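File shown: entry30.txt. Contents: compact mmCIF, N, CA and C atoms.
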# COMPACT_ATOMS: atom_id res chain seq x y z
N MET A 1 79.12 112.92 76.45
CA MET A 1 78.74 111.99 75.41
C MET A 1 78.29 112.77 74.18
N GLY A 2 78.77 112.34 73.07
CA GLY A 2 78.36 112.96 71.81
C GLY A 2 77.46 112.02 71.02
N ALA A 3 77.24 112.37 69.80
CA ALA A 3 76.36 111.59 68.94
C ALA A 3 76.87 110.17 68.71
N HIS A 4 78.19 109.97 68.82
CA HIS A 4 78.79 108.66 68.57
C HIS A 4 79.40 108.04 69.83
N GLY A 5 78.95 108.47 70.99
CA GLY A 5 79.48 107.93 72.24
C GLY A 5 80.43 108.90 72.91
N PRO A 6 81.34 108.37 73.75
CA PRO A 6 82.26 109.25 74.48
C PRO A 6 83.14 110.07 73.53
N GLU A 7 83.28 111.34 73.84
CA GLU A 7 84.11 112.23 73.04
C GLU A 7 85.08 112.96 73.97
N ILE A 8 86.27 113.19 73.48
CA ILE A 8 87.27 113.94 74.25
C ILE A 8 86.94 115.42 74.14
N ILE A 9 86.92 116.09 75.28
CA ILE A 9 86.75 117.54 75.33
C ILE A 9 88.15 118.10 75.56
N PRO A 10 88.79 118.63 74.51
CA PRO A 10 90.21 119.02 74.63
C PRO A 10 90.53 119.91 75.82
N GLU A 11 89.66 120.85 76.14
CA GLU A 11 89.98 121.77 77.25
C GLU A 11 89.87 121.10 78.62
N LEU A 12 89.31 119.89 78.69
CA LEU A 12 89.20 119.17 79.96
C LEU A 12 90.06 117.90 80.00
N ARG A 13 90.82 117.68 78.94
CA ARG A 13 91.57 116.43 78.82
C ARG A 13 92.49 116.21 80.02
N PHE A 14 92.45 115.02 80.56
CA PHE A 14 93.25 114.57 81.70
C PHE A 14 92.84 115.17 83.04
N SER A 15 91.71 115.87 83.09
CA SER A 15 91.32 116.56 84.32
C SER A 15 90.51 115.71 85.30
N GLY A 16 90.11 114.50 84.91
CA GLY A 16 89.38 113.62 85.82
C GLY A 16 87.92 114.00 85.96
N TYR A 17 87.30 113.51 87.02
CA TYR A 17 85.88 113.77 87.27
C TYR A 17 85.68 115.25 87.56
N PRO A 18 84.76 115.90 86.86
CA PRO A 18 84.54 117.34 87.08
C PRO A 18 84.01 117.63 88.48
N ALA A 19 84.72 118.46 89.22
CA ALA A 19 84.37 118.78 90.61
C ALA A 19 82.99 119.41 90.74
N ASP A 20 82.52 120.10 89.70
CA ASP A 20 81.23 120.79 89.80
C ASP A 20 80.06 119.94 89.32
N ARG A 21 80.29 118.69 88.98
CA ARG A 21 79.22 117.82 88.50
C ARG A 21 78.59 117.05 89.65
N PRO A 22 77.28 117.09 89.79
CA PRO A 22 76.65 116.27 90.83
C PRO A 22 76.81 114.78 90.51
N VAL A 23 76.86 113.98 91.54
CA VAL A 23 76.97 112.54 91.37
C VAL A 23 75.57 111.97 91.24
N GLY A 24 75.38 111.14 90.23
CA GLY A 24 74.07 110.53 90.01
C GLY A 24 73.73 109.48 91.05
N LYS A 25 72.49 109.08 91.06
CA LYS A 25 72.02 108.07 91.99
C LYS A 25 72.59 106.71 91.59
N VAL A 26 72.91 105.92 92.60
CA VAL A 26 73.51 104.61 92.38
C VAL A 26 72.53 103.53 92.81
N ASP A 27 72.41 102.49 92.00
CA ASP A 27 71.58 101.34 92.34
C ASP A 27 72.37 100.47 93.32
N THR A 28 72.18 100.71 94.60
CA THR A 28 72.97 99.99 95.61
C THR A 28 72.60 98.51 95.67
N ASN A 29 71.41 98.13 95.25
CA ASN A 29 71.06 96.70 95.23
C ASN A 29 71.95 95.95 94.25
N SER A 30 72.22 96.56 93.10
CA SER A 30 73.10 95.91 92.12
C SER A 30 74.52 95.77 92.67
N ILE A 31 74.98 96.80 93.37
CA ILE A 31 76.32 96.75 93.95
C ILE A 31 76.40 95.63 95.00
N LYS A 32 75.36 95.50 95.81
CA LYS A 32 75.35 94.44 96.82
C LYS A 32 75.37 93.06 96.17
N ASN A 33 74.92 92.97 94.93
CA ASN A 33 74.93 91.70 94.19
C ASN A 33 76.21 91.53 93.37
N GLY A 34 77.23 92.36 93.63
CA GLY A 34 78.53 92.17 93.00
C GLY A 34 78.78 92.97 91.73
N TRP A 35 77.85 93.82 91.34
CA TRP A 35 78.03 94.61 90.12
C TRP A 35 78.80 95.89 90.41
N SER A 36 79.45 96.40 89.38
CA SER A 36 80.07 97.72 89.42
C SER A 36 79.44 98.54 88.32
N MET A 37 79.40 99.85 88.51
CA MET A 37 78.78 100.75 87.54
C MET A 37 79.69 101.91 87.23
N PHE A 38 79.71 102.30 85.96
CA PHE A 38 80.47 103.46 85.53
C PHE A 38 79.52 104.62 85.25
N GLY A 39 79.98 105.84 85.53
CA GLY A 39 79.23 107.02 85.12
C GLY A 39 79.26 107.12 83.60
N PRO A 40 78.41 107.95 83.02
CA PRO A 40 78.29 107.99 81.56
C PRO A 40 79.55 108.37 80.80
N ASP A 41 80.47 109.10 81.43
CA ASP A 41 81.72 109.45 80.72
C ASP A 41 82.92 108.69 81.29
N PHE A 42 82.67 107.68 82.09
CA PHE A 42 83.69 106.80 82.65
C PHE A 42 84.65 107.50 83.62
N THR A 43 84.23 108.61 84.22
CA THR A 43 85.10 109.29 85.18
C THR A 43 84.71 109.02 86.63
N ASN A 44 83.69 108.19 86.83
CA ASN A 44 83.37 107.72 88.18
C ASN A 44 82.87 106.29 88.10
N THR A 45 83.15 105.54 89.16
CA THR A 45 82.79 104.14 89.21
C THR A 45 82.30 103.81 90.61
N ALA A 46 81.21 103.05 90.67
CA ALA A 46 80.68 102.60 91.95
C ALA A 46 80.74 101.08 92.00
N GLY A 47 81.10 100.57 93.18
CA GLY A 47 81.18 99.13 93.38
C GLY A 47 81.19 98.83 94.87
N MET A 48 81.59 97.63 95.20
CA MET A 48 81.59 97.19 96.61
C MET A 48 82.43 98.11 97.51
N TRP A 49 83.40 98.81 96.94
CA TRP A 49 84.30 99.70 97.69
C TRP A 49 83.68 101.07 97.94
N GLY A 50 82.57 101.37 97.26
CA GLY A 50 81.96 102.70 97.32
C GLY A 50 82.00 103.34 95.95
N MET A 51 82.39 104.59 95.88
CA MET A 51 82.51 105.27 94.59
C MET A 51 83.87 105.94 94.50
N SER A 52 84.52 105.73 93.37
CA SER A 52 85.80 106.37 93.11
C SER A 52 85.68 107.26 91.89
N PHE A 53 86.56 108.22 91.81
CA PHE A 53 86.53 109.23 90.76
C PHE A 53 87.87 109.28 90.04
N ALA A 54 87.83 109.42 88.72
CA ALA A 54 89.06 109.53 87.94
C ALA A 54 89.83 110.75 88.41
N GLY A 55 91.12 110.56 88.65
CA GLY A 55 91.97 111.64 89.12
C GLY A 55 92.36 112.61 88.03
N ASN A 56 92.74 113.79 88.45
CA ASN A 56 93.26 114.81 87.55
C ASN A 56 94.74 114.50 87.33
N ILE A 57 95.09 114.12 86.10
CA ILE A 57 96.49 113.85 85.79
C ILE A 57 97.05 114.89 84.82
N SER A 58 96.38 116.05 84.75
CA SER A 58 96.92 117.14 83.93
C SER A 58 98.11 117.75 84.68
N SER A 59 98.81 118.64 84.04
CA SER A 59 100.00 119.25 84.63
C SER A 59 99.69 120.36 85.64
N ASP A 60 98.42 120.57 85.93
CA ASP A 60 98.04 121.58 86.92
C ASP A 60 98.43 121.12 88.33
N GLU A 61 98.59 122.07 89.25
CA GLU A 61 98.91 121.71 90.63
C GLU A 61 97.80 120.91 91.29
N THR A 62 96.56 121.02 90.79
CA THR A 62 95.47 120.20 91.32
C THR A 62 95.50 118.80 90.72
N GLY A 63 96.38 118.58 89.77
CA GLY A 63 96.60 117.28 89.16
C GLY A 63 97.94 116.75 89.61
N ILE A 64 98.81 116.46 88.63
CA ILE A 64 100.15 115.95 88.98
C ILE A 64 101.23 117.01 88.80
N GLY A 65 100.81 118.26 88.67
CA GLY A 65 101.76 119.35 88.42
C GLY A 65 102.86 119.49 89.46
N ASN A 66 102.56 119.17 90.72
CA ASN A 66 103.56 119.28 91.79
C ASN A 66 104.19 117.95 92.15
N TRP A 67 103.79 116.90 91.47
CA TRP A 67 104.33 115.57 91.77
C TRP A 67 105.79 115.47 91.31
N THR A 68 106.53 114.63 92.01
CA THR A 68 107.87 114.28 91.57
C THR A 68 107.77 112.99 90.75
N GLU A 69 108.81 112.73 90.00
CA GLU A 69 108.87 111.48 89.24
C GLU A 69 108.78 110.27 90.19
N GLU A 70 109.38 110.40 91.35
CA GLU A 70 109.34 109.32 92.34
C GLU A 70 107.91 109.05 92.80
N GLN A 71 107.11 110.10 93.01
CA GLN A 71 105.71 109.92 93.39
C GLN A 71 104.95 109.18 92.29
N PHE A 72 105.19 109.58 91.05
CA PHE A 72 104.51 108.94 89.93
C PHE A 72 104.87 107.46 89.88
N MET A 73 106.13 107.14 90.09
CA MET A 73 106.58 105.74 90.12
C MET A 73 105.88 104.99 91.25
N THR A 74 105.77 105.60 92.41
CA THR A 74 105.13 104.95 93.56
C THR A 74 103.65 104.70 93.28
N ALA A 75 102.98 105.66 92.65
CA ALA A 75 101.57 105.48 92.32
C ALA A 75 101.38 104.29 91.38
N LEU A 76 102.22 104.21 90.35
CA LEU A 76 102.05 103.14 89.37
C LEU A 76 102.65 101.80 89.81
N ARG A 77 103.64 101.82 90.64
CA ARG A 77 104.28 100.56 91.06
C ARG A 77 103.64 99.98 92.32
N LYS A 78 103.18 100.86 93.22
CA LYS A 78 102.65 100.38 94.50
C LYS A 78 101.17 100.69 94.69
N GLY A 79 100.58 101.43 93.76
CA GLY A 79 99.16 101.74 93.86
C GLY A 79 98.82 102.66 95.02
N LYS A 80 99.67 103.65 95.26
CA LYS A 80 99.46 104.56 96.39
C LYS A 80 98.93 105.91 95.92
N TYR A 81 97.92 106.42 96.63
CA TYR A 81 97.29 107.70 96.34
C TYR A 81 98.32 108.81 96.36
N LYS A 82 98.32 109.61 95.31
CA LYS A 82 99.25 110.72 95.12
C LYS A 82 100.71 110.27 95.16
N GLY A 83 100.93 108.95 95.04
CA GLY A 83 102.30 108.44 95.02
C GLY A 83 103.01 108.60 96.35
N LEU A 84 102.26 108.67 97.42
CA LEU A 84 102.85 108.90 98.74
C LEU A 84 102.84 107.61 99.55
N GLU A 85 104.01 107.20 100.02
CA GLU A 85 104.10 106.03 100.89
C GLU A 85 103.21 106.28 102.10
N GLY A 86 102.50 105.27 102.53
CA GLY A 86 101.64 105.41 103.70
C GLY A 86 100.26 105.98 103.39
N SER A 87 100.02 106.39 102.14
CA SER A 87 98.70 106.91 101.79
C SER A 87 97.78 105.73 101.46
N ARG A 88 96.52 106.02 101.24
CA ARG A 88 95.56 104.96 100.93
C ARG A 88 95.89 104.33 99.58
N ASP A 89 95.35 103.15 99.37
CA ASP A 89 95.52 102.47 98.09
C ASP A 89 94.68 103.16 97.03
N LEU A 90 95.15 103.09 95.78
CA LEU A 90 94.34 103.56 94.66
C LEU A 90 93.14 102.63 94.54
N LEU A 91 92.00 103.19 94.21
CA LEU A 91 90.77 102.42 94.15
C LEU A 91 90.46 101.96 92.73
N PRO A 92 89.63 100.92 92.60
CA PRO A 92 89.18 100.52 91.28
C PRO A 92 88.48 101.71 90.62
N PRO A 93 88.53 101.81 89.34
CA PRO A 93 89.08 100.86 88.37
C PRO A 93 90.51 101.18 87.94
N MET A 94 91.24 102.01 88.71
CA MET A 94 92.61 102.34 88.32
C MET A 94 93.44 101.07 88.21
N PRO A 95 93.92 100.74 87.01
CA PRO A 95 94.63 99.47 86.80
C PRO A 95 96.13 99.57 87.06
N TRP A 96 96.52 100.10 88.22
CA TRP A 96 97.94 100.31 88.49
C TRP A 96 98.73 99.02 88.39
N ILE A 97 98.10 97.87 88.68
CA ILE A 97 98.80 96.60 88.62
C ILE A 97 99.30 96.32 87.20
N VAL A 98 98.58 96.83 86.20
CA VAL A 98 98.98 96.66 84.80
C VAL A 98 100.28 97.43 84.52
N TYR A 99 100.48 98.54 85.21
CA TYR A 99 101.64 99.40 84.96
C TYR A 99 102.86 99.06 85.82
N LYS A 100 102.66 98.33 86.90
CA LYS A 100 103.74 98.16 87.88
C LYS A 100 104.99 97.49 87.34
N ASN A 101 104.87 96.69 86.29
CA ASN A 101 106.03 96.01 85.74
C ASN A 101 106.63 96.71 84.52
N MET A 102 106.13 97.90 84.23
CA MET A 102 106.72 98.66 83.12
C MET A 102 108.13 99.08 83.49
N SER A 103 108.94 99.31 82.49
CA SER A 103 110.31 99.74 82.76
C SER A 103 110.31 101.16 83.34
N ASP A 104 111.37 101.48 84.05
CA ASP A 104 111.52 102.84 84.58
C ASP A 104 111.46 103.86 83.44
N ASP A 105 112.09 103.54 82.33
CA ASP A 105 112.09 104.46 81.19
C ASP A 105 110.68 104.70 80.66
N ASP A 106 109.87 103.65 80.59
CA ASP A 106 108.49 103.82 80.11
C ASP A 106 107.68 104.69 81.06
N ILE A 107 107.81 104.44 82.36
CA ILE A 107 107.06 105.24 83.34
C ILE A 107 107.55 106.69 83.31
N ARG A 108 108.85 106.89 83.20
CA ARG A 108 109.38 108.26 83.10
C ARG A 108 108.84 108.96 81.86
N SER A 109 108.71 108.23 80.76
CA SER A 109 108.19 108.81 79.52
C SER A 109 106.73 109.23 79.67
N ILE A 110 105.93 108.41 80.32
CA ILE A 110 104.52 108.76 80.56
C ILE A 110 104.46 110.01 81.42
N PHE A 111 105.24 110.02 82.49
CA PHE A 111 105.26 111.17 83.39
C PHE A 111 105.70 112.44 82.66
N ALA A 112 106.76 112.33 81.87
CA ALA A 112 107.24 113.49 81.11
C ALA A 112 106.16 114.01 80.16
N TYR A 113 105.47 113.10 79.50
CA TYR A 113 104.39 113.52 78.60
C TYR A 113 103.28 114.24 79.38
N LEU A 114 102.83 113.64 80.48
CA LEU A 114 101.74 114.25 81.25
C LEU A 114 102.13 115.63 81.78
N LYS A 115 103.40 115.83 82.09
CA LYS A 115 103.85 117.14 82.56
C LYS A 115 103.80 118.20 81.46
N THR A 116 103.70 117.78 80.19
CA THR A 116 103.62 118.74 79.09
C THR A 116 102.18 119.07 78.72
N THR A 117 101.21 118.41 79.34
CA THR A 117 99.81 118.63 78.97
C THR A 117 99.31 119.98 79.48
N LYS A 118 98.24 120.43 78.86
CA LYS A 118 97.61 121.67 79.27
C LYS A 118 97.11 121.52 80.71
N PRO A 119 97.51 122.42 81.61
CA PRO A 119 97.01 122.33 82.99
C PRO A 119 95.52 122.63 83.06
N VAL A 120 94.80 121.80 83.78
CA VAL A 120 93.36 121.99 83.97
C VAL A 120 93.11 121.99 85.48
N ARG A 121 92.67 123.14 85.99
CA ARG A 121 92.39 123.25 87.42
C ARG A 121 91.10 122.49 87.72
N ASN A 122 91.19 121.44 88.53
CA ASN A 122 90.04 120.63 88.89
C ASN A 122 90.39 119.78 90.10
N ILE A 123 89.73 120.06 91.20
CA ILE A 123 89.93 119.27 92.41
C ILE A 123 88.85 118.19 92.41
N VAL A 124 89.29 116.97 92.18
CA VAL A 124 88.39 115.82 92.08
C VAL A 124 87.82 115.50 93.46
N PRO A 125 86.52 115.14 93.52
CA PRO A 125 85.94 114.79 94.83
C PRO A 125 86.63 113.60 95.48
N ALA A 126 86.54 113.54 96.79
CA ALA A 126 87.07 112.40 97.55
C ALA A 126 86.19 111.18 97.29
N PRO A 127 86.76 110.00 97.40
CA PRO A 127 85.94 108.79 97.22
C PRO A 127 84.80 108.75 98.24
N LYS A 128 83.76 108.02 97.88
CA LYS A 128 82.61 107.84 98.79
C LYS A 128 82.62 106.41 99.32
N LEU A 129 82.32 106.27 100.58
CA LEU A 129 82.18 104.94 101.19
C LEU A 129 80.88 104.31 100.72
N PRO A 130 80.76 102.98 100.80
CA PRO A 130 79.50 102.34 100.39
C PRO A 130 78.29 102.92 101.13
N SER A 131 78.47 103.27 102.40
CA SER A 131 77.36 103.82 103.19
C SER A 131 76.91 105.20 102.71
N GLU A 132 77.72 105.86 101.88
CA GLU A 132 77.39 107.20 101.37
C GLU A 132 76.66 107.16 100.04
N LEU A 133 76.50 105.98 99.46
CA LEU A 133 75.87 105.89 98.14
C LEU A 133 74.35 105.92 98.23

Rewrite the structure of this file - the entire thing - as structure tokens.
Amino acid sequence: MGAHGPEIIPELRFSGYPADRPVGKVDTNSIKNGWSMFGPDFTNTAGMWGMSFAGNISSDETGIGNWTEEQFMTALRKGKYKGLEGSRDLLPPMPWIVYKNMSDDDIRSIFAYLKTTKPVRNIVPAPKLPSEL
């Protein structure tokens, strides 16, 4: 956060939740009452499902660097983790449902662009279950 709110840090762009950042305390009473909460830079979210972390979509191998176009399509069309059939569903707040009806050309264009981004090595933490909050 900067003086005017969220700011892009160019060297971390598209890298998701920083693996070396501790997770703050969550008000679990609010979650039990149906609320969701975002971390201060919007790279983590807590809700009824537990806590999810923004993924690394940079071109690094810890991001989507090793993904195929087909995996990217599966992630956006079917909401599957790492674009792998049979993997877990993508968690909120990832709005994959918004992207699922995009044309193949549009999804290919997004994928092609992301593959040109600066690779940022960052292994995002695994989601947390509600009992872990």

Taking (84.2, 105.5, 98.5) in the file's own coordinates, collect the residues within 6 Å, counting all atoms listed in the file, and hand them back as a PyMOL selection string.
-> chain A and resi 49-52+127-130

Would you return as a PyMOL selection string the members of segment 29-131 of chain A that DSSP assigns to alpha helix (DSSP H) on this structure's backbone?
-> chain A and resi 29-32+69-78+96-99+104-115

Any idea what's packed within 8 Å of segment 8-20 of chain A, counting only C-alpha atoms, ignoring anything in its chain fewer than 5 positions away? Could you give it as a list in words?
->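 Returned residues: Thr43, Asn44, Phe53, Ala54, Gly55, Asn56, Ile57, Ser58, Gly63, Lys118, Val120, Arg121, Asn122, Ile123, Val124 and Pro125 of chain A.
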
Have a look at atom CA of Ile107 of chain A and atom CA of Leu91 of chain A and let me know their distance in Å, one decimal.
-> 19.8 Å

Of the listed residues A:Pro92, A:Leu133, A:Asp104, A:Gly34, that which approaches Met73 of chain A most closely, counting only N, CA and C atoms | A:Asp104

Contacts of Pro6 of chain A at 7 Å (all atoms listed in the file; same-chain gap of 5+ positions) as an NGL selection string | :A and (1 or 40-41)

Centre and edges of the segment 44-58 of chain A box, axis-aligned, 4 Å extra per side, as AutoDock Vina command-line options:
--center_x 89.4 --center_y 107.5 --center_z 90.9 --size_x 25.4 --size_y 28.6 --size_z 22.0

Compare A:Asn66, A:Gln71, A:Thr45, A:Lys100 by their minimum atom-to-atom distance to Val26 of chain A, counting only C-alpha atoms, and give me the closest one.
-> A:Thr45

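Between Gly65 of chain A and the residues A:Ile110, A:Ile97, A:Pro119, A:Ala126, the shortest atom-to-atom distance, using all atoms listed in the file, involves A:Pro119.
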
How many Å separate atom N of Met48 of chain A from atom N of Ser36 of chain A?
->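 Separation between atom N of Met48 of chain A and atom N of Ser36 of chain A: 6.3 Å.
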
Could you state the separation of atom N of Leu114 of chain A and atom CA of Arg88 of chain A in Å, given to one decimal place?
-> 23.4 Å

Out of segment 17-88 of chain A, which residues get strand (DSSP E) from DSSP, as a PyMOL selection string?
-> chain A and resi 37-38+44-47+50-53

Identify, on the basis of only C-alpha atoms, every residue whose closest approach to Asn33 of chain A does not exceed 12 Å; exclude the query and any residue fewer than 5 positions from it along the same chain; express the result as a ChimeraX atom specification.
-> /A:27-28,47-48
